[in-house]
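What follows is one structure encoded as structure tokens, with my remarks underneath.
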Amino acid sequence: MLDAIPNNVNLDSDKRLQRALMQWQPDFLNWWREVGPEGFQQDRIYLRTAIGVGEGGWAHYDYVKMPDYRWGIFLGKPRKEEAIYFGDNIGGAFWDQVPGEFRKELRRLIVTQGDTEPASVEAQRLLGQSAPSLIDLRNLFQVNVEEARHLWAMVYLLHSYFGANGREEADEMLERRSGHPDRPRILQAFNKPIDDWLAFFCFTMFTDRDGKYQLASLAESSFDPLARTTSFMLQEEAFHLSVGERGVARTIRRTAQLMEQGTPPESVGAIPLPVIQKYINEWCSASYDLFGGEDSSNAANYFAAGLKGRFKESDGKLNPDHRALEGAYTAEVFEDGRWQTREIPLRRAMNACLLDAYVEDCNRGLNRWNGILDSHHLTERLSLPSTRFNRRVGIFADRPYDIAGNPMEPAELESKRAEWMPSQADYELVRASMVPVYEPGKMANWIAPPDKGVGGKPVDSEYVLFH
Ligand code: BYC
Ligand code: FE
Ligand code: FE
């Protein structure tokens, strides 16, 4: 059965890894059947499968039943750098094995990363039943099988480099459940339900984008197998992000068309712009928390040890000083009734630096969305919430700030909440719009068609062949 695992990690000759994976694989398939996509398992879906890092392309497209998907294990191409290039060990050789002194930290990073992957699949498991079109249905499953492959990628590292502890962690990865009261997933945003397609598109726009930034910072790691595993994952991630950005864009386009005609969107089952803004606020602020605290000794340790770099750490133009022993990051925090400046030593501020890069990236997407409103001659604009808004983690978690980042009284919070975050009525309105459409080329009324198809096929193709 293991022959079916596409890989470039010499799985054939590694008996120990084979044994470990052979034990884990049936549990993985049980997990997929139990909490993977509900239904559609016997249908043939037009999916991309990663096949290698060769010159002929790294993936191919074909119709497959999801349980037969070939979840592979890949290392990205070797880096052009030849030695460790940030932190305290600059100039030392990359590690091919886990150094004893960083074992605990590396295991924790890999487990935290790995845990998010199945969590997202679990949270999205019912969405197939309300897909707005066949191409969207296919895109959902593409994201799901690739997140499951990302789980394989982290399990490969645990099995190969962390012995018995690694095997235990790999097993536990299949035992925790998104949103479960007793055995939840590790990071909070991965326990939030994703109950409708606007939430799915916001999740892939904002939460998968945290994935992009975390993976990019792990792709700088001095532990070479981690760096190369995550660099390969980033190739798949680009598609997840485009599903999110384009999904929200198409939702906005449909709403804008109706507004331009003078038709209230909700009167024809589309989604009013203020509701879209609230979904943005909800998912974007939840994703800010995923960066961890702005002032973090964990982050300083990870950087010093060379385990986790900044975004594009290796790029000397963006990050000229790879030691980060000097300088500070300043943040304004409202405390004791006034604004106070926090000077965070740079190494302790690595999470804040990564969050800033993330916000810049989100804003590029927001600008494109606003371009759609503009093209329909509307003056309304969408925006990102302040990084102080709705925080549970970090230096802004101690007191409430409003959507623009101004301090507010805790007593005001409840009454303002419905202005900024989706209310029960908003969720219900969105859910009522989500009627499934499974006919090639047809779209639900709340969303505009995509401007192009996937995998070389036109938009109106039969992306799913129902059995
Ligand atoms: N929820 O020093 P601090 C993806 C804990 S998404 C719960 O401020 P640190 C994907 C923290 O563990 C990418 N707990 O932060 C997307 C610590 O606990 P201890 C996932 C949290 O450690 C979509 C304490 O609070 N990858 O791939 O520097 C679909 C103080 O923490 C949270 C990664 O996250 C939270 N949000 O940073 C599918 C990369 N934040 O030590 C997939 C690996 C913090 O007091 N993980 N805590 O017990 C990391 O690099 C870091 O663990 C974090 C946290 C950036 C998450
Ligand atoms: Fe992933
Ligand atoms: Fe992803």
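Labeling convention for the structure tokens: chains A, B, ... as they appear, residues from 1 per chain, ligands from 1 in order of appearance.
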Close residues to ligand 2 using only C-alpha atoms and all ligand atoms, limit 10 Å, as a PDB file with N, CA and C atoms, in the first residue's frame:
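part_17.pdb, freshly written:
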```pdb
ATOM      1  N   GLN A 113       2.081  23.249  13.951  1.00  0.00           N
ATOM      2  CA  GLN A 113       1.812  23.390  12.519  1.00  0.00           C
ATOM      3  C   GLN A 113       0.921  22.242  12.047  1.00  0.00           C
ATOM      4  N   GLY A 114       1.319  21.008  12.378  1.00  0.00           N
ATOM      5  CA  GLY A 114       0.593  19.836  11.890  1.00  0.00           C
ATOM      6  C   GLY A 114      -0.851  19.817  12.357  1.00  0.00           C
ATOM      7  N   ASP A 115      -1.087  20.248  13.561  1.00  0.00           N
ATOM      8  CA  ASP A 115      -2.421  20.197  14.159  1.00  0.00           C
ATOM      9  C   ASP A 115      -3.442  21.060  13.409  1.00  0.00           C
ATOM     10  N   THR A 116      -2.970  22.147  12.820  1.00  0.00           N
ATOM     11  CA  THR A 116      -3.895  23.045  12.124  1.00  0.00           C
ATOM     12  C   THR A 116      -4.468  22.396  10.863  1.00  0.00           C
ATOM     13  N   GLU A 117      -3.695  21.501  10.249  1.00  0.00           N
ATOM     14  CA  GLU A 117      -4.060  20.973   8.924  1.00  0.00           C
ATOM     15  C   GLU A 117      -5.333  20.117   9.000  1.00  0.00           C
ATOM     16  N   PRO A 118      -5.347  19.045   9.843  1.00  0.00           N
ATOM     17  CA  PRO A 118      -6.588  18.280   9.948  1.00  0.00           C
ATOM     18  C   PRO A 118      -7.715  19.109  10.557  1.00  0.00           C
ATOM     19  N   ALA A 119      -7.362  20.066  11.428  1.00  0.00           N
ATOM     20  CA  ALA A 119      -8.401  20.896  12.049  1.00  0.00           C
ATOM     21  C   ALA A 119      -9.231  21.593  10.979  1.00  0.00           C
ATOM     22  N   SER A 120      -8.554  22.114   9.955  1.00  0.00           N
ATOM     23  CA  SER A 120      -9.293  22.866   8.930  1.00  0.00           C
ATOM     24  C   SER A 120     -10.218  21.931   8.146  1.00  0.00           C
ATOM     25  N   VAL A 121      -9.751  20.714   7.883  1.00  0.00           N
ATOM     26  CA  VAL A 121     -10.580  19.749   7.153  1.00  0.00           C
ATOM     27  C   VAL A 121     -11.841  19.435   7.969  1.00  0.00           C
ATOM     28  N   VAL A 143      -8.649  21.879  -1.572  1.00  0.00           N
ATOM     29  CA  VAL A 143      -8.058  22.426  -0.348  1.00  0.00           C
ATOM     30  C   VAL A 143      -8.025  21.329   0.730  1.00  0.00           C
ATOM     31  N   ASN A 144      -9.114  20.592   0.875  1.00  0.00           N
ATOM     32  CA  ASN A 144      -9.188  19.566   1.921  1.00  0.00           C
ATOM     33  C   ASN A 144      -8.123  18.475   1.730  1.00  0.00           C
ATOM     34  N   VAL A 145      -7.988  17.948   0.525  1.00  0.00           N
ATOM     35  CA  VAL A 145      -6.992  16.869   0.354  1.00  0.00           C
ATOM     36  C   VAL A 145      -5.578  17.417   0.540  1.00  0.00           C
ATOM     37  N   GLU A 146      -5.365  18.669   0.162  1.00  0.00           N
ATOM     38  CA  GLU A 146      -4.008  19.213   0.336  1.00  0.00           C
ATOM     39  C   GLU A 146      -3.709  19.532   1.801  1.00  0.00           C
ATOM     40  N   GLU A 147      -4.708  19.969   2.557  1.00  0.00           N
ATOM     41  CA  GLU A 147      -4.458  20.160   3.990  1.00  0.00           C
ATOM     42  C   GLU A 147      -4.151  18.800   4.627  1.00  0.00           C
ATOM     43  N   ALA A 148      -4.843  17.768   4.157  1.00  0.00           N
ATOM     44  CA  ALA A 148      -4.541  16.436   4.674  1.00  0.00           C
ATOM     45  C   ALA A 148      -3.114  16.029   4.283  1.00  0.00           C
ATOM     46  N   ARG A 149      -2.683  16.414   3.112  1.00  0.00           N
ATOM     47  CA  ARG A 149      -1.291  16.125   2.743  1.00  0.00           C
ATOM     48  C   ARG A 149      -0.319  16.902   3.637  1.00  0.00           C
ATOM     49  N   HIS A 150      -0.696  18.106   4.010  1.00  0.00           N
ATOM     50  CA  HIS A 150       0.164  18.868   4.924  1.00  0.00           C
ATOM     51  C   HIS A 150       0.287  18.162   6.276  1.00  0.00           C
ATOM     52  N   LEU A 151      -0.776  17.498   6.679  1.00  0.00           N
ATOM     53  CA  LEU A 151      -0.683  16.675   7.890  1.00  0.00           C
ATOM     54  C   LEU A 151       0.349  15.565   7.666  1.00  0.00           C
ATOM     55  N   ALA A 153       2.829  15.651   5.755  1.00  0.00           N
ATOM     56  CA  ALA A 153       4.162  16.251   5.713  1.00  0.00           C
ATOM     57  C   ALA A 153       4.731  16.384   7.126  1.00  0.00           C
ATOM     58  N   THR A 207      -6.991  32.929   7.260  1.00  0.00           N
ATOM     59  CA  THR A 207      -6.350  31.949   8.139  1.00  0.00           C
ATOM     60  C   THR A 207      -5.316  31.130   7.365  1.00  0.00           C
ATOM     61  N   ASP A 208      -5.655  30.717   6.143  1.00  0.00           N
ATOM     62  CA  ASP A 208      -4.620  30.082   5.324  1.00  0.00           C
ATOM     63  C   ASP A 208      -3.449  31.048   5.098  1.00  0.00           C
ATOM     64  N   ARG A 209      -3.727  32.325   5.097  1.00  0.00           N
ATOM     65  CA  ARG A 209      -2.627  33.286   4.904  1.00  0.00           C
ATOM     66  C   ARG A 209      -1.705  33.323   6.130  1.00  0.00           C
ATOM     67  N   ASP A 210      -2.265  33.115   7.312  1.00  0.00           N
ATOM     68  CA  ASP A 210      -1.363  32.909   8.456  1.00  0.00           C
ATOM     69  C   ASP A 210      -0.485  31.708   8.143  1.00  0.00           C
ATOM     70  N   GLY A 211      -1.099  30.656   7.577  1.00  0.00           N
ATOM     71  CA  GLY A 211      -0.323  29.480   7.182  1.00  0.00           C
ATOM     72  C   GLY A 211       0.829  29.859   6.261  1.00  0.00           C
ATOM     73  N   LYS A 212       0.541  30.697   5.276  1.00  0.00           N
ATOM     74  CA  LYS A 212       1.606  31.119   4.365  1.00  0.00           C
ATOM     75  C   LYS A 212       2.766  31.758   5.139  1.00  0.00           C
ATOM     76  N   LEU A 215       4.508  29.144   7.504  1.00  0.00           N
ATOM     77  CA  LEU A 215       5.298  28.194   6.706  1.00  0.00           C
ATOM     78  C   LEU A 215       6.541  28.880   6.141  1.00  0.00           C
ATOM     79  N   THR A 230       8.394  22.539   4.414  1.00  0.00           N
ATOM     80  CA  THR A 230       7.462  23.670   4.404  1.00  0.00           C
ATOM     81  C   THR A 230       7.568  24.462   3.105  1.00  0.00           C
ATOM     82  N   MET A 233       5.245  22.857   0.785  1.00  0.00           N
ATOM     83  CA  MET A 233       3.836  23.105   1.141  1.00  0.00           C
ATOM     84  C   MET A 233       3.359  24.467   0.629  1.00  0.00           C
ATOM     85  N   LEU A 234       4.284  25.420   0.601  1.00  0.00           N
ATOM     86  CA  LEU A 234       3.896  26.770   0.159  1.00  0.00           C
ATOM     87  C   LEU A 234       3.378  26.788  -1.283  1.00  0.00           C
ATOM     88  N   GLU A 236       1.412  24.593  -2.633  1.00  0.00           N
ATOM     89  CA  GLU A 236      -0.019  24.268  -2.578  1.00  0.00           C
ATOM     90  C   GLU A 236      -0.806  25.410  -1.939  1.00  0.00           C
ATOM     91  N   GLU A 237      -0.165  26.054  -0.962  1.00  0.00           N
ATOM     92  CA  GLU A 237      -0.835  27.116  -0.207  1.00  0.00           C
ATOM     93  C   GLU A 237      -1.304  28.249  -1.121  1.00  0.00           C
ATOM     94  N   HIS A 240      -4.787  27.791  -2.157  1.00  0.00           N
ATOM     95  CA  HIS A 240      -5.773  27.986  -1.085  1.00  0.00           C
ATOM     96  C   HIS A 240      -6.073  29.476  -0.911  1.00  0.00           C
TER      97      HIS A 240
END
```
Taking only residues of segment 203-310 of chain A that have an atom at most 12 Å from an atom of segment 412-431 of chain A, what is each one's shortest atom pair and its distance in Å to one decimal, using only C-alpha atoms, in chain and number order, as a tab-separated table?
```
residue	atom	partner	partner_atom	distance
A:Thr251	CA	A:Val430	CA	11.3
A:Pro265	CA	A:Leu429	CA	11.0
A:Glu266	CA	A:Leu429	CA	7.9
A:Ser267	CA	A:Leu429	CA	10.6
A:Val268	CA	A:Leu429	CA	11.3
A:Gly269	CA	A:Leu429	CA	8.3
A:Ala270	CA	A:Val430	CA	8.0
A:Ile271	CA	A:Val430	CA	6.5
A:Pro272	CA	A:Val430	CA	9.2
A:Leu273	CA	A:Asp426	CA	11.3
A:Pro274	CA	A:Glu419	CA	8.8
A:Val275	CA	A:Asp426	CA	6.5
A:Ile276	CA	A:Pro422	CA	8.8
A:Gln277	CA	A:Trp420	CA	7.9
A:Lys278	CA	A:Met421	CA	4.8
A:Tyr279	CA	A:Pro422	CA	6.3
A:Ile280	CA	A:Met421	CA	8.7
A:Asn281	CA	A:Met421	CA	6.4
A:Glu282	CA	A:Met421	CA	5.9
A:Trp283	CA	A:Met421	CA	9.6
A:Cys284	CA	A:Met421	CA	11.1
A:Ser285	CA	A:Met421	CA	10.2
A:Ala286	CA	A:Met421	CA	11.4
```
For those residues, write N, CA and C atoms to a file as a short mmCIF file (atom, residue, chain, number, x, y, z; two decimals), in the first residue's frame.
```cif
data_model
loop_
_atom_site.label_atom_id
_atom_site.label_comp_id
_atom_site.auth_asym_id
_atom_site.auth_seq_id
_atom_site.Cartn_x
_atom_site.Cartn_y
_atom_site.Cartn_z
N THR A 251 -18.04 37.17 -4.34
CA THR A 251 -19.19 37.52 -3.49
C THR A 251 -19.43 39.03 -3.56
N PRO A 265 -29.30 43.50 -2.11
CA PRO A 265 -28.76 42.15 -2.27
C PRO A 265 -29.58 41.09 -1.54
N GLU A 266 -30.00 41.42 -0.30
CA GLU A 266 -30.68 40.39 0.50
C GLU A 266 -32.05 40.04 -0.08
N SER A 267 -32.59 40.93 -0.94
CA SER A 267 -33.92 40.64 -1.51
C SER A 267 -33.85 39.52 -2.56
N VAL A 268 -32.65 39.21 -3.06
CA VAL A 268 -32.53 38.13 -4.05
C VAL A 268 -31.56 37.05 -3.59
N GLY A 269 -31.35 36.95 -2.28
CA GLY A 269 -30.49 35.87 -1.77
C GLY A 269 -29.01 36.14 -1.91
N ALA A 270 -28.61 37.40 -2.09
CA ALA A 270 -27.18 37.72 -2.08
C ALA A 270 -26.84 38.36 -0.72
N ILE A 271 -25.58 38.73 -0.53
CA ILE A 271 -25.13 39.10 0.81
C ILE A 271 -24.81 40.59 0.90
N PRO A 272 -25.46 41.31 1.80
CA PRO A 272 -25.21 42.75 1.91
C PRO A 272 -23.76 43.05 2.27
N LEU A 273 -23.26 44.15 1.74
CA LEU A 273 -21.87 44.52 1.97
C LEU A 273 -21.49 44.62 3.45
N PRO A 274 -22.34 45.20 4.31
CA PRO A 274 -21.96 45.28 5.73
C PRO A 274 -21.76 43.90 6.37
N VAL A 275 -22.49 42.91 5.88
CA VAL A 275 -22.31 41.56 6.43
C VAL A 275 -20.96 41.00 5.98
N ILE A 276 -20.60 41.27 4.73
CA ILE A 276 -19.29 40.83 4.24
C ILE A 276 -18.19 41.47 5.10
N GLN A 277 -18.35 42.77 5.39
CA GLN A 277 -17.37 43.46 6.23
C GLN A 277 -17.26 42.80 7.61
N LYS A 278 -18.39 42.40 8.17
CA LYS A 278 -18.34 41.77 9.50
C LYS A 278 -17.63 40.41 9.46
N TYR A 279 -17.85 39.67 8.39
CA TYR A 279 -17.13 38.39 8.25
C TYR A 279 -15.61 38.65 8.14
N ILE A 280 -15.25 39.69 7.40
CA ILE A 280 -13.83 40.05 7.30
C ILE A 280 -13.30 40.35 8.70
N ASN A 281 -14.04 41.15 9.47
CA ASN A 281 -13.60 41.50 10.82
C ASN A 281 -13.41 40.25 11.68
N GLU A 282 -14.37 39.34 11.57
CA GLU A 282 -14.32 38.15 12.41
C GLU A 282 -13.10 37.29 12.09
N TRP A 283 -12.91 36.96 10.82
CA TRP A 283 -11.86 36.00 10.46
C TRP A 283 -10.48 36.63 10.46
N CYS A 284 -10.42 37.90 10.12
CA CYS A 284 -9.12 38.55 10.11
C CYS A 284 -8.62 38.71 11.55
N SER A 285 -9.49 39.15 12.46
CA SER A 285 -9.02 39.34 13.85
C SER A 285 -8.69 38.00 14.50
N ALA A 286 -9.45 36.96 14.20
CA ALA A 286 -9.12 35.64 14.75
C ALA A 286 -7.75 35.19 14.25
#
```
Fill in: Top pick for closest residue to Leu158 of chain A, considering A:Gly54, A:Leu21, A:Gly91, A:Pro264 and counting only C-alpha atoms
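Ranked by minimum distance to Leu158 of chain A, first place goes to A:Leu21.
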Fill in: Which of A:Leu373, A:Val111, A:Ala83, A:Val359 sits closest to ligand 1 [using only C-alpha atoms and all ligand atoms]
A:Val111
Discussion item. Show me, as a PyMOL selection string, the residues that have an atom within 7 Å of segment 448-457 of chain A when counting only C-alpha atoms, minus same-chain residues fewer than 3 positions from it.
Written reply: chain A and resi 61+250-251+253-254+443+461
